[in-house]
Every structure is written in C-alpha cells, then in structure tokens.
Amino acid sequence: CGSESVRRMGVGHVPQEPIRTEGASTELQRLKHRRTAAKRSVDSGIAARRNARGRWAEDCVARWYEQHGYTVVARNFRSKRGELDVVLMHGTELVVCEVKARANNAFGFAAEAVTPAKQLKVRRATFDFVEHLRVNDSALHARIRSTRFDVATMTGVQLEVLPNAF
C-alpha cells in the first residue's frame with residue numbers, strides 16, 4: 001500500500017491486472033447465466049399461477065352471468081387492439097366484462113387496475129369484436145342495440161361484479 005492517497009480513501013492495494021486462477025477462462029461467467037435461467041423458471045411458475053388464477057376467475061364470472069340469465073358469446077376474444085375477457089348478451093344488450101383477479105388487496109384493489117388506458121383498449125377491442133360479428137354472425141350483430149362495460153373482480157374467492165363500470 002505504498003501510496004498515501006490510496007490509504008486515505010480506504011481502498012488499499014488495487015492490482016492493475018485482473019485476478020485469475022491458473023487455467024481460468026470465461027467459464028466462470030457461465031455459472032451466473034445458469035443461475036439466471038433457474039430464476040426464470042421460478043418466475044415462470046409465479047406467472048403460471050397468476051394465469052391459472054385469471055382463467056379460474058373468468059370461469060367463475062362466466063358462470064355467474066349465466067346463472068343470472070346472460071348468454072356467453074365469446075371468451076378471450078383477441079384483436080390487434082386488445083383482448084376481451086368475457087363477452088355476453090342480455091336481451092339486446094352486448095355486455096363486455098373485464099375480469100381482474102387478485103389473491104388479496106395487499107397491492108391495491110383489483111378494480112383499480114382498470115385504468116383509463118385499459119378502458120380505451122377494451123373499447124377499441126369491442127369495436128373490433130362488433131365488426132367481427134358483422135362479418136361472421138350477422139344475426140347476432142343485428143340483435144345488438146346497446147353496449148355495456150362491466151368489471152368483475154375476484155379477490156381471494158370473493159366475486160364482485162360492477163355493472164356499467166365505465
């Protein structure tokens with residue numbers, strides 16, 4: 001530790017050459033990548049549980065609507081502009097339900113996740129869905145007189161349906 005300025009900074013001796021053991025190569029770095037891959041598999045397990053919770057919540061919501069006289073028209077309709085979780089008919093009213101599922105309210109209420117940006121995506125995807133019906137199912141398209149947007153939340157096992165949410 002010959003230099004006074006290095007001692008004052010508390011760094012001590014810093015060698016100019018990188019420290020390597022005899023015969024060491026870039027293989028030392030590969031272990032880091034393996035750990036990262038293992039972590040991803042853990043993360044994918046969390047994602048799989050979230051997806052399973054979402055599918056289960058959508059099943060419960062569809063069943064609830066059917067028990068209340070609605071007819072399920074489509075589930076998980078995807079377009080370039082978004083996805084519709086559950087689409088139903090009730091008389092002449094098209095009902096689009098956005099489903100949000102949470103294990104608990106630790107990170108906020110599920111309904112709060114339906115932001116204005118999400119509402120816009122759902123509205124645009126609904127426009128695409130109605131256009132899809134016009135082309136592929138003109139009889140159902142002709143029945144639609146109004147559209148309603150609901151939000152259904154599943155917190156734990158508690159279902160709450162918010163009709164005409166936006």
# chains A, B, ... in the order shown; residues from 1 in each chain; ligands from 1

$ closest_atom_pairs --of "range 112-161 of chain A" --to "range 83-90 of chain A" --cutoff "12 Å" --atoms "only C-alpha atoms" --output "tab-separated table"
residue	atom	partner	partner_atom	distance
A:Lys118	CA	A:Glu83	CA	10.1
A:Gln119	CA	A:Leu84	CA	10.8
A:Leu120	CA	A:Glu83	CA	11.3
A:Lys121	CA	A:Glu83	CA	7.9
A:Val122	CA	A:Leu84	CA	6.5
A:Arg123	CA	A:Leu84	CA	9.2
A:Arg124	CA	A:Glu83	CA	9.3
A:Ala125	CA	A:Glu83	CA	6.2
A:Thr126	CA	A:Leu84	CA	7.2
A:Phe127	CA	A:Leu84	CA	10.7
A:Asp128	CA	A:Glu83	CA	9.9
A:Phe129	CA	A:Leu84	CA	8.6
A:Val130	CA	A:Val87	CA	10.7
A:Leu133	CA	A:Val87	CA	11.9
A:Leu140	CA	A:Met89	CA	9.1
A:His141	CA	A:Met89	CA	10.7
A:Arg143	CA	A:Met89	CA	9.2
A:Ile144	CA	A:Met89	CA	8.3
A:Arg145	CA	A:Met89	CA	10.5
A:Ser146	CA	A:Met89	CA	10.1
A:Thr147	CA	A:Met89	CA	9.3
A:Arg148	CA	A:Leu88	CA	9.8
A:Phe149	CA	A:Val87	CA	9.5
A:Asp150	CA	A:Val86	CA	9.7
A:Val151	CA	A:Val86	CA	10.1
A:Ala152	CA	A:Val86	CA	9.9

$ residues_around --residues "range 42-52 of chain A" --least-positions-apart "6" --cutoff "10 Å" --atoms "only C-alpha atoms" --output "ChimeraX atom specification"
/A:36,58,101-103

$ write_last_selection --atoms "N, CA, C and O atoms" --output "short mmCIF file (atom, residue, chain, number, x, y, z; two decimals), in the first residue's frame"
data_model
loop_
_atom_site.label_atom_id
_atom_site.label_comp_id
_atom_site.auth_asym_id
_atom_site.auth_seq_id
_atom_site.Cartn_x
_atom_site.Cartn_y
_atom_site.Cartn_z
N THR A 36 -29.34 -17.40 -13.55
CA THR A 36 -30.39 -16.54 -14.10
C THR A 36 -31.47 -17.39 -14.74
O THR A 36 -32.65 -17.15 -14.55
N GLU A 58 -62.19 -16.01 -14.61
CA GLU A 58 -63.03 -15.86 -15.80
C GLU A 58 -64.11 -16.94 -15.85
O GLU A 58 -65.25 -16.66 -16.23
N ALA A 101 -58.33 -10.46 -11.23
CA ALA A 101 -58.23 -11.39 -10.11
C ALA A 101 -56.99 -11.09 -9.29
O ALA A 101 -55.92 -10.79 -9.83
N ARG A 102 -57.15 -11.15 -7.98
CA ARG A 102 -56.04 -10.92 -7.05
C ARG A 102 -56.16 -11.92 -5.91
O ARG A 102 -57.26 -12.30 -5.53
N ALA A 103 -55.03 -12.30 -5.36
CA ALA A 103 -55.04 -13.17 -4.19
C ALA A 103 -55.53 -12.41 -2.96
O ALA A 103 -56.25 -12.94 -2.12
#

$ closest_residue --among "A:Ala74, A:Ala110, A:Ala117, A:Leu94" --to "Glu160 in chain A" --atoms "only C-alpha atoms"
A:Ala110

$ select_by_dssp --residues "range 47-88 of chain A" --states "strand (DSSP E)" --output "list in words"
Thr71, Val72, Val73, Ala74, Arg75, Asn76, Phe77, Arg78, Ser79, Gly82, Glu83, Leu84, Asp85, Val86, Val87 and Leu88 of chain A

$ atom_distance --atom1 "CA of Glu66 in chain A" --atom2 "CA of Glu93 in chain A"
14.5 Å

$ atom_distance --atom1 "CA of Ala57 in chain A" --atom2 "CA of Val99 in chain A"
7.2 Å

$ atom_distance --atom1 "CA of Glu98 in chain A" --atom2 "CA of Thr115 in chain A"
11.4 Å
